[in-house]
$ cat final.csv   # CSV, C-alpha atoms and all ligand atoms
chain,number,residue,atom,x,y,z
A,26,MET,CA,-9.5,5.5,11.9
A,27,LYS,CA,-7.8,6.8,8.8
A,28,ILE,CA,-7.7,5.0,5.4
A,29,PHE,CA,-4.9,5.6,3.0
A,30,LEU,CA,-4.5,4.2,-0.5
A,31,ASP,CA,-1.4,2.2,-1.1
A,32,THR,CA,-0.7,3.0,-4.8
A,33,ALA,CA,0.9,5.6,-7.1
A,34,ASP,CA,-1.8,5.3,-9.8
A,35,VAL,CA,-2.9,8.9,-9.8
A,36,SER,CA,-6.2,8.5,-11.8
A,37,THR,CA,-7.4,5.7,-9.6
A,38,ILE,CA,-6.5,7.7,-6.5
A,39,LEU,CA,-8.3,10.8,-7.7
A,40,THR,CA,-11.5,8.8,-8.5
A,41,HIS,CA,-11.4,7.3,-5.0
A,42,PHE,CA,-10.5,10.6,-3.3
A,43,GLU,CA,-13.9,11.9,-4.5
A,44,THR,CA,-15.6,9.4,-2.1
A,45,GLY,CA,-14.5,11.6,0.8
A,46,LEU,CA,-13.3,8.5,2.6
A,47,ILE,CA,-9.6,8.6,1.8
A,48,ASP,CA,-7.3,10.4,4.2
A,49,GLY,CA,-4.0,10.0,2.4
A,50,VAL,CA,-1.7,8.0,0.1
A,51,THR,CA,1.3,5.8,0.6
A,52,THR,CA,3.8,5.2,-2.1
A,53,ASN,CA,7.0,3.2,-2.3
A,54,PRO,CA,9.6,2.7,-5.0
A,55,THR,CA,7.9,-0.5,-6.3
A,56,LEU,CA,4.5,1.3,-6.6
A,57,ILE,CA,6.2,4.3,-8.3
A,58,MET,CA,7.9,2.0,-10.8
A,59,LYS,CA,4.6,0.2,-11.6
A,60,SER,CA,3.0,3.6,-12.3
A,61,GLY,CA,5.7,4.3,-14.9
A,62,ARG,CA,5.7,8.0,-13.7
A,63,ASP,CA,8.3,10.3,-12.2
A,64,PRO,CA,7.7,10.2,-8.4
A,65,GLU,CA,7.6,14.0,-8.1
A,66,ASP,CA,5.0,14.3,-10.8
A,67,VAL,CA,2.8,11.8,-8.9
A,68,TYR,CA,3.2,13.8,-5.6
A,69,GLN,CA,2.5,17.1,-7.4
A,70,GLU,CA,-0.7,15.9,-9.0
A,71,LEU,CA,-2.0,14.4,-5.8
A,72,ALA,CA,-1.1,17.5,-3.7
A,73,GLU,CA,-2.8,19.7,-6.3
A,74,ALA,CA,-5.9,17.5,-6.1
A,75,GLY,CA,-6.1,18.1,-2.4
A,76,VAL,CA,-4.6,14.9,-0.9
A,77,ARG,CA,-3.2,16.1,2.4
A,78,ASP,CA,-0.8,13.3,3.4
A,79,ILE,CA,1.5,11.6,0.9
A,80,SER,CA,4.2,9.1,2.0
A,81,MET,CA,7.2,9.8,-0.2
A,82,GLU,CA,10.0,7.2,0.2
A,83,VAL,CA,13.6,8.3,0.1
A,84,VAL,CA,16.5,5.9,-0.6
A,85,GLY,CA,20.3,5.8,-0.5
A,86,SER,CA,22.9,6.8,2.1
A,87,ARG,CA,22.1,8.6,5.3
A,88,ASP,CA,23.1,12.0,3.8
A,89,GLU,CA,21.2,11.3,0.6
A,90,MET,CA,18.0,10.4,2.4
A,91,THR,CA,18.4,13.4,4.7
A,92,SER,CA,18.9,15.9,1.9
A,93,GLU,CA,16.2,14.4,-0.3
A,94,GLY,CA,13.7,14.3,2.6
A,95,ARG,CA,14.4,17.9,3.5
A,96,ARG,CA,14.0,18.9,-0.2
A,97,LEU,CA,10.7,17.1,-0.5
A,98,ALA,CA,9.4,18.5,2.8
A,99,THR,CA,10.3,22.0,1.7
A,100,LYS,CA,8.6,21.6,-1.6
A,101,PHE,CA,5.4,19.8,-0.5
A,102,GLN,CA,5.2,21.3,3.1
A,103,GLU,CA,2.7,19.6,5.4
A,104,VAL,CA,1.5,17.2,2.6
A,105,ALA,CA,4.8,15.4,2.7
A,106,THR,CA,5.4,12.4,4.9
A,107,ILE,CA,9.0,11.2,4.3
A,108,LYS,CA,9.2,7.4,4.3
A,109,VAL,CA,12.4,5.8,5.5
A,110,PRO,CA,13.4,2.2,6.2
A,111,CYS,CA,13.8,0.8,9.7
A,112,THR,CA,17.6,0.7,9.6
A,113,PRO,CA,20.2,2.6,11.6
A,114,ASP,CA,20.6,5.1,8.8
A,115,GLY,CA,16.8,5.3,8.3
A,116,LEU,CA,16.2,6.0,11.9
A,117,TYR,CA,19.0,8.6,12.1
A,118,VAL,CA,17.3,10.4,9.2
A,119,CYS,CA,13.9,10.0,11.0
A,120,ASN,CA,15.4,11.7,14.0
A,121,GLN,CA,16.8,14.6,12.0
A,122,LEU,CA,13.6,15.2,10.0
A,123,ALA,CA,11.4,14.9,13.1
A,124,LYS,CA,13.5,17.6,14.7
A,125,ASP,CA,12.8,19.8,11.7
A,126,GLY,CA,9.1,19.2,12.3
A,127,THR,CA,8.7,16.9,9.3
A,128,LYS,CA,6.3,13.9,9.4
A,129,VAL,CA,8.2,10.6,9.0
A,130,ASN,CA,6.8,7.2,8.2
A,131,VAL,CA,9.2,4.4,9.2
A,132,THR,CA,8.6,1.5,6.9
A,133,LEU,CA,9.5,-2.2,6.7
A,134,ILE,CA,8.6,-2.9,10.3
A,135,PHE,CA,8.4,-6.6,11.2
A,136,ASP,CA,8.9,-6.6,14.9
A,137,ALA,CA,7.7,-4.6,17.9
A,138,ALA,CA,11.3,-3.9,18.8
A,139,GLN,CA,11.7,-2.0,15.5
A,140,ALA,CA,8.5,0.0,16.3
A,141,ILE,CA,10.0,0.9,19.7
A,142,LEU,CA,13.1,2.3,18.0
A,143,ALA,CA,11.1,4.2,15.4
A,144,ALA,CA,9.0,5.8,18.1
A,145,LYS,CA,12.1,6.9,19.9
A,146,ALA,CA,13.4,8.4,16.7
A,147,GLY,CA,10.3,10.6,16.5
A,148,ALA,CA,8.3,8.8,13.8
A,149,THR,CA,4.8,10.1,13.0
A,150,TYR,CA,3.9,6.7,11.6
A,151,VAL,CA,5.3,3.1,11.8
A,152,SER,CA,4.4,0.7,9.1
A,153,PRO,CA,4.1,-2.9,10.1
A,154,PHE,CA,3.8,-5.1,7.0
A,155,VAL,CA,0.9,-7.3,8.0
A,156,GLY,CA,0.7,-9.5,4.8
A,157,ARG,CA,4.5,-10.0,4.5
A,158,VAL,CA,4.6,-11.1,8.2
A,159,ASP,CA,1.8,-13.6,7.4
A,160,ASP,CA,3.7,-14.8,4.3
A,161,ASN,CA,6.5,-15.8,6.7
A,162,SER,CA,4.3,-17.8,9.0
A,163,PHE,CA,4.1,-15.2,11.8
A,164,GLY,CA,1.0,-13.3,12.7
A,165,GLY,CA,0.9,-9.9,11.0
A,166,LEU,CA,-2.2,-8.7,13.0
A,167,CYS,CA,-0.6,-9.9,16.3
A,168,LEU,CA,2.3,-7.6,15.4
A,169,VAL,CA,-0.1,-4.7,15.1
A,170,LYS,CA,-1.6,-5.6,18.5
A,171,ASP,CA,1.8,-5.9,20.2
A,172,ILE,CA,2.9,-2.5,18.9
A,173,ALA,CA,-0.5,-0.9,19.9
A,174,ASN,CA,-0.3,-2.4,23.4
A,175,THR,CA,3.3,-1.2,23.9
A,176,TYR,CA,2.6,2.3,22.6
A,177,LYS,CA,-0.5,2.6,24.8
A,178,MET,CA,1.3,1.4,27.9
A,179,HIS,CA,3.9,4.1,27.4
A,180,SER,CA,1.7,6.8,26.0
A,181,VAL,CA,3.6,6.9,22.7
A,182,GLU,CA,2.1,9.3,20.1
A,183,THR,CA,3.5,7.5,17.0
A,184,GLN,CA,0.7,6.2,14.9
A,185,ILE,CA,0.4,2.6,13.6
A,186,LEU,CA,-0.1,2.5,9.9
A,187,ALA,CA,-0.9,-1.0,9.0
A,188,ALA,CA,0.5,-1.8,5.5
A,189,SER,CA,0.8,-4.8,3.2
A,190,ILE,CA,-2.9,-5.5,3.8
A,191,ARG,CA,-4.3,-8.1,1.4
A,192,ASN,CA,-8.0,-8.5,2.4
A,193,VAL,CA,-11.0,-6.8,3.9
A,194,ARG,CA,-11.0,-9.0,7.0
A,195,ASP,CA,-7.6,-7.7,8.0
A,196,VAL,CA,-8.7,-4.1,7.7
A,197,GLY,CA,-11.3,-4.6,10.4
A,198,ARG,CA,-9.0,-6.6,12.6
A,199,ALA,CA,-6.1,-4.1,12.2
A,200,PHE,CA,-8.3,-1.3,13.4
A,201,GLU,CA,-9.7,-3.5,16.2
A,202,TYR,CA,-6.2,-4.3,17.3
A,203,GLY,CA,-5.1,-0.7,17.5
A,204,ALA,CA,-4.0,0.5,14.1
A,205,ASN,CA,-4.6,4.2,13.6
A,206,VAL,CA,-4.3,4.0,9.8
A,207,CYS,CA,-4.7,1.2,7.2
A,208,THR,CA,-3.1,1.7,3.9
A,209,LEU,CA,-4.9,-0.4,1.3
A,210,PRO,CA,-4.5,-1.5,-2.3
A,211,VAL,CA,-7.5,-0.1,-4.2
A,212,LYS,CA,-9.1,-3.5,-4.8
A,213,VAL,CA,-9.2,-4.1,-1.0
A,214,PHE,CA,-10.7,-0.6,-0.4
A,215,ASP,CA,-13.4,-1.3,-3.1
A,216,LYS,CA,-14.3,-4.6,-1.5
A,217,MET,CA,-15.0,-2.9,1.9
A,218,TYR,CA,-18.4,-1.7,0.5
A,219,ASP,CA,-19.5,-5.2,-0.4
A,220,HIS,CA,-21.8,-7.5,1.5
A,221,ILE,CA,-24.2,-10.0,0.0
A,222,LEU,CA,-26.9,-9.1,2.5
A,223,THR,CA,-26.6,-5.4,1.6
A,224,GLU,CA,-27.1,-6.4,-2.1
A,225,LYS,CA,-30.1,-8.6,-1.3
A,226,GLY,CA,-31.6,-6.1,1.1
A,227,LEU,CA,-31.3,-3.3,-1.4
A,228,GLU,CA,-32.8,-5.5,-4.1
A,229,LEU,CA,-35.9,-6.1,-1.9
A,230,PHE,CA,-36.2,-2.4,-0.8
A,231,ASP,CA,-36.0,-1.3,-4.5
A,232,LYS,CA,-38.7,-3.8,-5.4
A,233,ASP,CA,-40.9,-2.8,-2.5
A,234,TYR,CA,-40.5,0.9,-3.1
A,235,ALA,CA,-41.6,0.5,-6.7
A,236,ALA,CA,-44.6,-1.5,-5.5
A,237,ALA,CA,-45.4,1.2,-2.9
A,238,CYS,CA,-45.3,3.9,-5.5
A,239,LYS,CA,-47.6,2.0,-7.8
A,240,SER,CA,-50.3,1.5,-5.1
A,301,LIG,O1,2.9,-0.3,2.0
A,301,LIG,C1,3.6,-1.4,1.8
A,301,LIG,C2,3.0,-2.3,0.9
A,301,LIG,O2,3.0,-1.7,-0.4
A,301,LIG,C3,3.6,-3.6,0.7
A,301,LIG,O3,2.6,-4.5,0.3
A,301,LIG,O4,1.6,-6.4,-0.7
A,301,LIG,O5,3.9,-5.7,-1.4
A,301,LIG,O6,3.5,-6.7,0.8
A,301,LIG,P1,2.9,-5.9,-0.3
$ encode --input "final.csv" --output "C-alpha cells" --more "lines below"
Ligand code: G3P
Amino acid sequence: MKIFLDTADVSTILTHFETGLIDGVTTNPTLIMKSGRDPEDVYQELAEAGVRDISMEVVGSRDEMTSEGRRLATKFQEVATIKVPCTPDGLYVCNQLAKDGTKVNVTLIFDAAQAILAAKAGATYVSPFVGRVDDNSFGGLCLVKDIANTYKMHSVETQILAASIRNVRDVGRAFEYGANVCTLPVKVFDKMYDHILTEKGLELFDKDYAAACKS
C-alpha cells in the first residue's frame, strides 16, 4: 500500500515527506501550472530531498514524448516515472520507454479496456481517475476493482495507482478493491489522521495521565 502526493507544491511535499509515510509524488501539467514553477526545478528539488518516485508527464507528438521521456529518465534515473496519456501515441511511447527499463505511468484511464492495453504496453502504473469517473455518473471505485480483478486473474504486474481521489473514504475503498497506490491531494492525506473518537480518547487519556501523576 503506497501513498503518493498528487501535487507540485514543493514546500508542502517536503513537509509531508518528513512524516515517513509518503512513497512518491505524481504531477501533471495542471498541477505544475498551479505551482508557478518550472517542471524540472520541481523534480530536481524533490529528487534532492529524497523523493524516490516522481511521475513526470510528457506531452506532444509520439516523437516528442519519447525523446522528452528518455531525456528525463536519463537525468533523473530511477526516480523518474514518465507519465503518458492512454492514447495510441502514449502507449507507443510507453512501450518504447518500458523496453529501455524506464518506469511509465499511463494516465487518464477511464475503462478497464484501457488498463489492459496499458499493461500490454509494459506500464509500471495505470492511473484510473476515480473522482472524474464518479463525476460522470459511473463508479470510480468499481473501475479500480474491475482492473484489479482482471490483473489478478492474468498475473499482470502493472500496479494500479488510484488517482483523482477526493475524500478519505475513497482511499480506504481503493486499497480494499485492489489499488497498489493512492495518489492524494494534500488535504485528503491530512484528513486520513482524523477521527473524532481519537480526539476524544486522547483528551481523556491526557486528563487521566495528569491526574495519575498528581496522585
Ligand atoms: O492525478 C490525477 C489528478 O490530479 C486528477 O485529479 O481532482 O483533477 O480529477 P482531479
$ residues_around --input "final.csv" --residues "Leu46 of chain A" --least-positions-apart "6" --cutoff "10 Å" --atoms "all atoms listed in the file" --output "JSON, numbers by chain"
{"A": [27, 28, 29, 214]}
$ closest_residue --input "final.csv" --among "A:Ala204, A:Lys128, A:Ala137, A:Arg87" --to "Pro113 of chain A" --atoms "only C-alpha atoms"
A:Arg87
$ residues_near_point --input "final.csv" --point "(11.9, 19.7, 1.9)" --cutoff "12 Å" --atoms "all atoms listed in the file" --output "PyMOL selection string"
chain A and resi 81+83+90-107+122+125-128
$ closest_atom_pairs --input "final.csv" --of "chain A" --to "ligand LIG 301 (chain A)" --cutoff "7 Å" --atoms "only C-alpha atoms and all ligand atoms" --output "JSON lines"
{"residue": "A:Asp31", "atom": "CA", "partner": "A:LIG301", "partner_atom": "O1", "distance": 5.9}
{"residue": "A:Thr51", "atom": "CA", "partner": "A:LIG301", "partner_atom": "O1", "distance": 6.5}
{"residue": "A:Thr52", "atom": "CA", "partner": "A:LIG301", "partner_atom": "O1", "distance": 6.9}
{"residue": "A:Asn53", "atom": "CA", "partner": "A:LIG301", "partner_atom": "O2", "distance": 6.6}
{"residue": "A:Phe154", "atom": "CA", "partner": "A:LIG301", "partner_atom": "C1", "distance": 6.4}
{"residue": "A:Gly156", "atom": "CA", "partner": "A:LIG301", "partner_atom": "O6", "distance": 5.6}
{"residue": "A:Arg157", "atom": "CA", "partner": "A:LIG301", "partner_atom": "O6", "distance": 5.1}
{"residue": "A:Ala188", "atom": "CA", "partner": "A:LIG301", "partner_atom": "O1", "distance": 4.5}
{"residue": "A:Ser189", "atom": "CA", "partner": "A:LIG301", "partner_atom": "O3", "distance": 3.4}
{"residue": "A:Ile190", "atom": "CA", "partner": "A:LIG301", "partner_atom": "O4", "distance": 6.4}
{"residue": "A:Arg191", "atom": "CA", "partner": "A:LIG301", "partner_atom": "O4", "distance": 6.5}
{"residue": "A:Thr208", "atom": "CA", "partner": "A:LIG301", "partner_atom": "O1", "distance": 6.6}
$ residues_around --input "final.csv" --residues "segment 61-69 of chain A" --least-positions-apart "3" --cutoff "7 Å" --atoms "all atoms listed in the file" --output "PyMOL selection string"
chain A and resi 33+35+57-58+72-73
$ closest_residue --input "final.csv" --among "A:Leu116, A:Val155, A:Ala235, A:Val206" --to "Phe135 of chain A" --atoms "only C-alpha atoms"
A:Val155
$ closest_atom_pairs --input "final.csv" --of "segment 162-236 of chain A" --to "segment 144-153 of chain A" --cutoff "8 Å" --atoms "only C-alpha atoms" --output "CSV"
residue,atom,partner,partner_atom,distance
A:Gly165,CA,A:Pro153,CA,7.7
A:Leu168,CA,A:Pro153,CA,7.3
A:Val169,CA,A:Pro153,CA,6.8
A:Val181,CA,A:Ala144,CA,7.2
A:Glu182,CA,A:Thr149,CA,7.6
A:Thr183,CA,A:Thr149,CA,4.9
A:Gln184,CA,A:Tyr150,CA,4.6
A:Ile185,CA,A:Val151,CA,5.2
A:Leu186,CA,A:Ser152,CA,4.9
A:Ala187,CA,A:Pro153,CA,5.5
A:Ala188,CA,A:Ser152,CA,5.9
A:Ser189,CA,A:Pro153,CA,7.9
$ atom_distance --input "final.csv" --atom1 "atom CA of Tyr202 of chain A" --atom2 "atom CA of Met178 of chain A"
14.2 Å
$ atom_distance --input "final.csv" --atom1 "atom CA of Val196 of chain A" --atom2 "atom CA of Asp78 of chain A"
19.6 Å
$ atom_distance --input "final.csv" --atom1 "atom CA of Cys119 of chain A" --atom2 "atom CA of Ile79 of chain A"
16.1 Å
$ decode --input "final.csv" --residues "segment 160-179 of chain A" --atoms "N, CA, C and O atoms" --output "mmCIF file, in the first residue's frame"
data_model
loop_
_atom_site.group_PDB
_atom_site.id
_atom_site.type_symbol
_atom_site.label_atom_id
_atom_site.label_comp_id
_atom_site.auth_asym_id
_atom_site.auth_seq_id
_atom_site.Cartn_x
_atom_site.Cartn_y
_atom_site.Cartn_z
ATOM 1 N N ASP A 160 -17.704 11.750 -11.265
ATOM 2 C CA ASP A 160 -18.313 12.995 -11.777
ATOM 3 C C ASP A 160 -19.214 12.724 -12.980
ATOM 4 O O ASP A 160 -20.114 13.489 -13.282
ATOM 5 N N ASN A 161 -18.889 11.637 -13.698
ATOM 6 C CA ASN A 161 -19.656 11.326 -14.908
ATOM 7 C C ASN A 161 -20.665 10.205 -14.682
ATOM 8 O O ASN A 161 -21.081 9.519 -15.628
ATOM 9 N N SER A 162 -21.020 10.020 -13.400
ATOM 10 C CA SER A 162 -22.080 9.083 -13.015
ATOM 11 C C SER A 162 -21.759 7.616 -13.250
ATOM 12 O O SER A 162 -22.670 6.799 -13.394
ATOM 13 N N PHE A 163 -20.453 7.281 -13.314
ATOM 14 C CA PHE A 163 -20.056 5.872 -13.278
ATOM 15 C C PHE A 163 -19.329 5.653 -11.957
ATOM 16 O O PHE A 163 -18.991 6.604 -11.266
ATOM 17 N N GLY A 164 -19.037 4.407 -11.625
ATOM 18 C CA GLY A 164 -18.393 4.135 -10.336
ATOM 19 C C GLY A 164 -16.880 4.100 -10.467
ATOM 20 O O GLY A 164 -16.322 3.159 -11.039
ATOM 21 N N GLY A 165 -16.220 5.118 -9.910
ATOM 22 C CA GLY A 165 -14.756 5.168 -9.989
ATOM 23 C C GLY A 165 -14.092 4.015 -9.253
ATOM 24 O O GLY A 165 -13.116 3.435 -9.718
ATOM 25 N N LEU A 166 -14.649 3.676 -8.080
ATOM 26 C CA LEU A 166 -14.054 2.586 -7.305
ATOM 27 C C LEU A 166 -14.329 1.228 -7.944
ATOM 28 O O LEU A 166 -13.511 0.313 -7.850
ATOM 29 N N CYS A 167 -15.476 1.110 -8.633
ATOM 30 C CA CYS A 167 -15.760 -0.141 -9.366
ATOM 31 C C CYS A 167 -14.736 -0.327 -10.474
ATOM 32 O O CYS A 167 -14.328 -1.453 -10.778
ATOM 33 N N LEU A 168 -14.312 0.773 -11.055
ATOM 34 C CA LEU A 168 -13.283 0.684 -12.094
ATOM 35 C C LEU A 168 -11.986 0.118 -11.514
ATOM 36 O O LEU A 168 -11.352 -0.764 -12.096
ATOM 37 N N VAL A 169 -11.615 0.620 -10.328
ATOM 38 C CA VAL A 169 -10.404 0.100 -9.657
ATOM 39 C C VAL A 169 -10.556 -1.405 -9.425
ATOM 40 O O VAL A 169 -9.651 -2.198 -9.706
ATOM 41 N N LYS A 170 -11.728 -1.793 -8.934
ATOM 42 C CA LYS A 170 -11.986 -3.210 -8.650
ATOM 43 C C LYS A 170 -11.917 -4.055 -9.927
ATOM 44 O O LYS A 170 -11.301 -5.123 -9.946
ATOM 45 N N ASP A 171 -12.525 -3.576 -10.999
ATOM 46 C CA ASP A 171 -12.516 -4.328 -12.273
ATOM 47 C C ASP A 171 -11.090 -4.529 -12.773
ATOM 48 O O ASP A 171 -10.713 -5.612 -13.218
ATOM 49 N N ILE A 172 -10.309 -3.449 -12.715
ATOM 50 C CA ILE A 172 -8.922 -3.562 -13.199
ATOM 51 C C ILE A 172 -8.154 -4.552 -12.309
ATOM 52 O O ILE A 172 -7.431 -5.426 -12.808
ATOM 53 N N ALA A 173 -8.338 -4.414 -10.984
ATOM 54 C CA ALA A 173 -7.597 -5.283 -10.055
ATOM 55 C C ALA A 173 -7.953 -6.747 -10.292
ATOM 56 O O ALA A 173 -7.071 -7.616 -10.314
ATOM 57 N N ASN A 174 -9.233 -7.037 -10.486
ATOM 58 C CA ASN A 174 -9.647 -8.438 -10.717
ATOM 59 C C ASN A 174 -9.054 -8.979 -12.012
ATOM 60 O O ASN A 174 -8.580 -10.114 -12.070
ATOM 61 N N THR A 175 -9.084 -8.142 -13.035
ATOM 62 C CA THR A 175 -8.550 -8.584 -14.331
ATOM 63 C C THR A 175 -7.046 -8.823 -14.247
ATOM 64 O O THR A 175 -6.537 -9.847 -14.722
ATOM 65 N N TYR A 176 -6.341 -7.893 -13.623
ATOM 66 C CA TYR A 176 -4.885 -8.055 -13.494
ATOM 67 C C TYR A 176 -4.546 -9.302 -12.671
ATOM 68 O O TYR A 176 -3.615 -10.031 -12.989
ATOM 69 N N LYS A 177 -5.325 -9.491 -11.598
ATOM 70 C CA LYS A 177 -5.040 -10.643 -10.732
ATOM 71 C C LYS A 177 -5.246 -11.950 -11.502
ATOM 72 O O LYS A 177 -4.421 -12.860 -11.459
ATOM 73 N N MET A 178 -6.350 -12.004 -12.238
ATOM 74 C CA MET A 178 -6.678 -13.231 -12.979
ATOM 75 C C MET A 178 -5.585 -13.584 -13.982
ATOM 76 O O MET A 178 -5.331 -14.753 -14.265
ATOM 77 N N HIS A 179 -4.925 -12.561 -14.513
ATOM 78 C CA HIS A 179 -3.922 -12.812 -15.553
ATOM 79 C C HIS A 179 -2.495 -12.539 -15.070
ATOM 80 O O HIS A 179 -1.583 -12.406 -15.882
#
